[in-house]
Amino acid sequence: MASTVHPSAVLGPGTTLGEGCVVGPNVRVGSGCRIGNLVVIHADTQVGQDVRIDDHATLGKLPTRAANSATTKDQELPPLALGDACTVGTGVVIYRGAAIESRVLMADLCTVRENVAIGRGTIVGRGVTVENCCKVGRYCKLESECYITAHSELEDRVFVAPGVVTSNDNFLGRTAERFKHFKGVTVRRGGRIGAGAVLLPGITVGEDGMVAAGAVVTRDVPPRTIVLGQPARVLRPVPVEQLLENQGWTDS
Amino acid sequence: MASTVHPSAVLGPGTTLGEGCVVGPNVRVGSGCRIGNLVVIHADTQVGQDVRIDDHATLGKLPTRAANSATTKDQELPPLALGDACTVGTGVVIYRGAAIESRVLMADLCTVRENVAIGRGTIVGRGVTVENCCKVGRYCKLESECYITAHSELEDRVFVAPGVVTSNDNFLGRTAERFKHFKGVTVRRGGRIGAGAVLLPGITVGEDGMVAAGAVVTRDVPPRTIVLGQPARVLRPVPVEQLLENQGWTDS
Amino acid sequence: MASTVHPSAVLGPGTTLGEGCVVGPNVRVGSGCRIGNLVVIHADTQVGQDVRIDDHATLGKLPTRAANSATTKDQELPPLALGDACTVGTGVVIYRGAAIESRVLMADLCTVRENVAIGRGTIVGRGVTVENCCKVGRYCKLESECYITAHSELEDRVFVAPGVVTSNDNFLGRTAERFKHFKGVTVRRGGRIGAGAVLLPGITVGEDGMVAAGAVVTRDVPPRTIVLGQPARVLRPVPVEQLLENQGWTDS
């Protein structure tokens, strides 16, 4: 079963393409990439070199727009740009208008929406959603099934455990007023969120701050501090040996 | 790569079909639809006009049946019916026996099971599951990654925030007795559930009632009332300006 | 649209293959199987007889490896082995190095990673992730959207409700020390976990123990005991009529 590659698309030397792929106009794929089967790469997408793209992935998708969506507007989006040595898992969906630096792993069935930037070396786990208009730093770990709401910012070296839920609308869809207040979460450099925690709209987790598993976070988390419970309260400082500055990491 | 369209299938005028699709017998698709690549539309499915269907979607799937599933029985299911101007995201799975009204958005990787009805203008978010035998009203928002258990009813204008979990078996799989008590959740008109909340089997959220983020709801929620905590307790009335009747919405 | 079947692959008598599938070298599929459309079966995969595989599924995938993943190492993996009368849902991803016994249902969009064993008759629900290096017993129910962290063990007849989150790193990605302590969860025979519960790393749920919905479990759960709350505390014994030994089940 042959793939369908638009005549204007360019695949670099040494790049292999599986069966039944669809590659649109003006796509550029660098050298040494391995593309799986039944992969769809939409128009204008720019892929670096040595990238692995697994079966059934979709790259460069144009946003769907709900008639009554509160946050998606018509817009001109730049093509999806995917850096060198990235890995794209099976069934992943990445939108046009995302900018992914090098060595990012996007695991199976995750979604990265439009107007999202992701820094070098970050892991986007299995089934994770990074909604539109988010900025994710370098060397973050967004573990399986966590949910990053629209208009969030995660700085470098942020750790988000499995099943974390974030939100951005304190008005739960009511009042015209709410459109002025949509606000995602902010996690400063080295902030960490434990498994299954819930972060309310607009929350900031300070530098190296930590949220315990299962906490429901209704107030900002101070830097280098652990919070715990429902609602989350300050427990104690983050242990010194767990601080980012004491890991010996020099690459970020 | 050509698509495979059964000779008995009919695609309306102006409808476009991507590469590598599979369209089964007796499928009817209206005019002006845009169907992506590698889409599978199973036998007898009825699609309205001006519908967008994205890559890798599967429509009209016949249920899988586990030997020891507690709720799925053999049955004759009517064909999947999808109204005008709906949007079906990438990798979505919709079953035979679902009835979807017009202008419904089903975002990427969501699943709508058999014997489900969804009303006009509702948004089914990314990764959402609507299990079998549910009724979802008009202009609801089921936000990303929420989970609607089997045998639930959501009336019009219900809002379910990201990561909400519902359940329908208080016996957690034990006793023959439990089969008499399977009960999903009921959310009355305008009810709202906050991010990451957990609703126990059989819970009813009253009209315009509201569950705060992270709450664990073990008792019914009175109308126009906010509940909060684990277990959830009454906090205060819903602010007047957030009541459904004060939104100026006339379309439902 | 023809499928692409490697000349060294063998499909048993009565097995049907949909459109646009890709079947790799040395694949063996038993008799009487029904394979859907756009299914990818990677090299060496061994499928029993009377297996149903739905559209867009991927079998026998080789692991992706993040440069900075903490738990994935290079390794030689045996081929994926899938027992008789299994069901594989739409968009499912199963890795090389998984061993699945007979009559296992893997529902739509679930993922089973490498070095996982799953026992006869178990249900892996919609969207569930079973991470690498897990052992799941017979006749378990892992309900929709639950998350089983790496290095976990679930014995026979375990029940995990929708949206349960487990974790395996108490150090949230910090200290070299943590690599010695990675530990998933252990759920003994007949243990049950309620909807949306969160289990911390290394937790053991004793035989026939039960975690209430929404609980955050920070200590081991004694056998035949219900725990509840955040943090979870002992509530009372499991009712006698719900004990595994009183169900009249003889098949496990």
# chains A, B, ... in the order shown; residues from 1 in each chain; ligands from 1
call {"tool": "residues_around", "arguments": {"residues": "segment 4-18 of chain A", "least_positions_apart": "5", "cutoff": "6 Å", "atoms": "only C-alpha atoms", "output": "list of chain:residue names"}}
result
A:Val23, A:Gly24, A:Pro25, A:Asn26, A:Val27, A:Arg28, A:Val29, A:Gly30, A:Ser31, A:Gly32, A:Cys33, A:Arg34, A:Ile35, A:Gly36, A:Asn37, B:Met1
call {"tool": "write_last_selection", "arguments": {"atoms": "C-alpha atoms", "output": "PDB file, in the first residue's frame"}}
result
ATOM      1  CA  VAL A  23       2.158  13.814   3.349  1.00  0.00           C
ATOM      2  CA  GLY A  24       0.714  17.183   2.331  1.00  0.00           C
ATOM      3  CA  PRO A  25       2.004  20.091   0.264  1.00  0.00           C
ATOM      4  CA  ASN A  26       5.142  21.968   1.286  1.00  0.00           C
ATOM      5  CA  VAL A  27       5.995  19.550   4.086  1.00  0.00           C
ATOM      6  CA  ARG A  28       9.707  19.430   4.899  1.00  0.00           C
ATOM      7  CA  VAL A  29      11.165  16.428   6.740  1.00  0.00           C
ATOM      8  CA  GLY A  30      14.892  16.379   7.585  1.00  0.00           C
ATOM      9  CA  SER A  31      17.362  13.550   7.124  1.00  0.00           C
ATOM     10  CA  GLY A  32      17.483  10.288   9.011  1.00  0.00           C
ATOM     11  CA  CYS A  33      13.856  10.294  10.164  1.00  0.00           C
ATOM     12  CA  ARG A  34      11.842   7.127  10.667  1.00  0.00           C
ATOM     13  CA  ILE A  35       8.159   7.584   9.875  1.00  0.00           C
ATOM     14  CA  GLY A  36       5.766   4.752  10.721  1.00  0.00           C
ATOM     15  CA  ASN A  37       2.622   3.541   8.998  1.00  0.00           C
TER      16      ASN A  37
ATOM     17  CA  MET B   1      -3.773   5.991  -2.033  1.00  0.00           C
TER      18      MET B   1
END
call {"tool": "interface_residues", "arguments": {"of": "chain B", "to": "chain A", "cutoff": "6 Å", "atoms": "only C-alpha atoms", "output": "PDB file with N, CA, C and O atoms, in the first residue's frame"}}
result
ATOM      1  N   MET B   1      -3.139   7.140  -2.684  1.00  0.00           N
ATOM      2  CA  MET B   1      -3.773   5.991  -2.033  1.00  0.00           C
ATOM      3  C   MET B   1      -5.285   6.199  -2.050  1.00  0.00           C
ATOM      4  O   MET B   1      -5.808   7.064  -1.358  1.00  0.00           O
ATOM      5  N   LEU B 105     -19.845  19.266  18.761  1.00  0.00           N
ATOM      6  CA  LEU B 105     -18.400  19.100  18.560  1.00  0.00           C
ATOM      7  C   LEU B 105     -17.905  17.932  19.388  1.00  0.00           C
ATOM      8  O   LEU B 105     -18.062  17.921  20.613  1.00  0.00           O
ATOM      9  N   GLY B 214     -12.465  19.315  42.811  1.00  0.00           N
ATOM     10  CA  GLY B 214     -11.848  18.370  43.726  1.00  0.00           C
ATOM     11  C   GLY B 214     -12.781  17.748  44.741  1.00  0.00           C
ATOM     12  O   GLY B 214     -12.369  16.891  45.529  1.00  0.00           O
ATOM     13  N   GLN B 242     -24.584  34.036  38.387  1.00  0.00           N
ATOM     14  CA  GLN B 242     -24.161  32.821  37.677  1.00  0.00           C
ATOM     15  C   GLN B 242     -25.331  31.893  37.348  1.00  0.00           C
ATOM     16  O   GLN B 242     -25.146  30.870  36.688  1.00  0.00           O
TER      17      GLN B 242
END
call {"tool": "residues_around", "arguments": {"residues": "Gly137 of chain A", "least_positions_apart": "4", "cutoff": "6 Å", "atoms": "only C-alpha atoms", "output": "ChimeraX atom specification"}}
result
/A:118-119,154-156
call {"tool": "atom_distance", "arguments": {"atom1": "atom CA of Gly202 of chain B", "atom2": "atom CA of Arg113 of chain B"}}
result
19.8 Å
call {"tool": "select_by_dssp", "arguments": {"residues": "segment 29-207 of chain C", "states": "helix (DSSP H, G or I)", "output": "ChimeraX atom specification"}}
result
/C:176-180
call {"tool": "write_last_selection", "arguments": {"atoms": "all heavy atoms", "output": "CSV table (one decimal), in the first residue's frame"}}
result
chain,number,residue,atom,x,y,z
C,176,ALA,N,19.4,11.2,43.1
C,176,ALA,CA,19.8,10.0,42.4
C,176,ALA,C,19.3,8.8,43.3
C,176,ALA,O,19.0,7.7,42.8
C,176,ALA,CB,21.3,9.9,42.4
C,177,GLU,N,19.1,9.1,44.6
C,177,GLU,CA,18.6,8.1,45.5
C,177,GLU,C,17.2,7.5,45.0
C,177,GLU,O,17.0,6.3,45.3
C,177,GLU,CB,18.3,8.9,46.8
C,177,GLU,CG,17.8,8.0,48.0
C,177,GLU,CD,18.8,7.2,48.6
C,177,GLU,OE1,20.0,7.3,48.3
C,177,GLU,OE2,18.5,6.3,49.4
C,178,ARG,N,16.4,8.3,44.3
C,178,ARG,CA,15.1,7.8,44.0
C,178,ARG,C,15.1,6.6,43.1
C,178,ARG,O,14.2,5.8,43.1
C,178,ARG,CB,14.3,8.9,43.2
C,178,ARG,CG,14.7,9.1,41.7
C,178,ARG,CD,13.9,10.2,41.1
C,178,ARG,NE,14.0,10.4,39.7
C,178,ARG,CZ,15.1,11.0,39.1
C,178,ARG,NH1,16.1,11.5,39.8
C,178,ARG,NH2,15.1,11.1,37.8
C,179,PHE,N,16.2,6.4,42.3
C,179,PHE,CA,16.2,5.2,41.4
C,179,PHE,C,16.2,3.9,42.2
C,179,PHE,O,15.8,2.9,41.7
C,179,PHE,CB,17.4,5.3,40.5
C,179,PHE,CG,17.4,6.4,39.5
C,179,PHE,CD1,18.2,7.5,39.7
C,179,PHE,CD2,16.4,6.4,38.5
C,179,PHE,CE1,18.1,8.6,38.8
C,179,PHE,CE2,16.4,7.5,37.6
C,179,PHE,CZ,17.2,8.5,37.7
C,180,LYS,N,16.6,4.0,43.5
C,180,LYS,CA,16.6,2.8,44.3
C,180,LYS,C,15.2,2.5,44.9
C,180,LYS,O,14.9,1.4,45.4
C,180,LYS,CB,17.5,2.9,45.5
C,180,LYS,CG,19.0,3.2,45.2
C,180,LYS,CD,19.8,3.2,46.4
C,180,LYS,CE,21.1,3.9,46.2
C,180,LYS,NZ,21.7,4.5,47.4
call {"tool": "atom_distance", "arguments": {"atom1": "atom CA of Glu76 of chain B", "atom2": "atom CA of Val104 of chain B"}}
result
24.9 Å
call {"tool": "residues_around", "arguments": {"residues": "Gly194 of chain A", "least_positions_apart": "5", "cutoff": "6 Å", "atoms": "only C-alpha atoms", "output": "ChimeraX atom specification"}}
result
/A:161,211-213
call {"tool": "write_last_selection", "arguments": {"atoms": "N, CA, C and O atoms", "output": "PDB file, in the first residue's frame"}}
result
ATOM      1  N   ALA A 161       3.015  15.027  37.835  1.00  0.00           N
ATOM      2  CA  ALA A 161       2.830  13.585  37.998  1.00  0.00           C
ATOM      3  C   ALA A 161       1.580  13.110  37.245  1.00  0.00           C
ATOM      4  O   ALA A 161       0.774  13.911  36.757  1.00  0.00           O
ATOM      5  N   VAL A 211       3.549  20.244  45.296  1.00  0.00           N
ATOM      6  CA  VAL A 211       2.177  19.921  45.665  1.00  0.00           C
ATOM      7  C   VAL A 211       2.113  18.417  45.905  1.00  0.00           C
ATOM      8  O   VAL A 211       2.481  17.634  45.025  1.00  0.00           O
ATOM      9  N   ALA A 212       1.641  18.008  47.084  1.00  0.00           N
ATOM     10  CA  ALA A 212       1.572  16.574  47.381  1.00  0.00           C
ATOM     11  C   ALA A 212       0.472  15.902  46.554  1.00  0.00           C
ATOM     12  O   ALA A 212      -0.488  16.548  46.113  1.00  0.00           O
ATOM     13  N   ALA A 213       0.599  14.588  46.405  1.00  0.00           N
ATOM     14  CA  ALA A 213      -0.379  13.811  45.644  1.00  0.00           C
ATOM     15  C   ALA A 213      -1.782  14.014  46.207  1.00  0.00           C
ATOM     16  O   ALA A 213      -1.980  14.032  47.420  1.00  0.00           O
TER      17      ALA A 213
END
call {"tool": "atom_distance", "arguments": {"atom1": "atom CA of Ile123 of chain C", "atom2": "atom CA of Ser144 of chain C"}}
result
9.7 Å
call {"tool": "residues_around", "arguments": {"residues": "Leu59 of chain B", "least_positions_apart": "6", "cutoff": "8 Å", "atoms": "only C-alpha atoms", "output": "number ranges by chain"}}
result
B: 40-42, 45, 80, 92-96
call {"tool": "residues_around", "arguments": {"residues": "segment 138-142 of chain B", "least_positions_apart": "4", "cutoff": "6 Å", "atoms": "only C-alpha atoms", "output": "VMD selection string"}}
result
chain B and resid 119 to 125 156 to 160
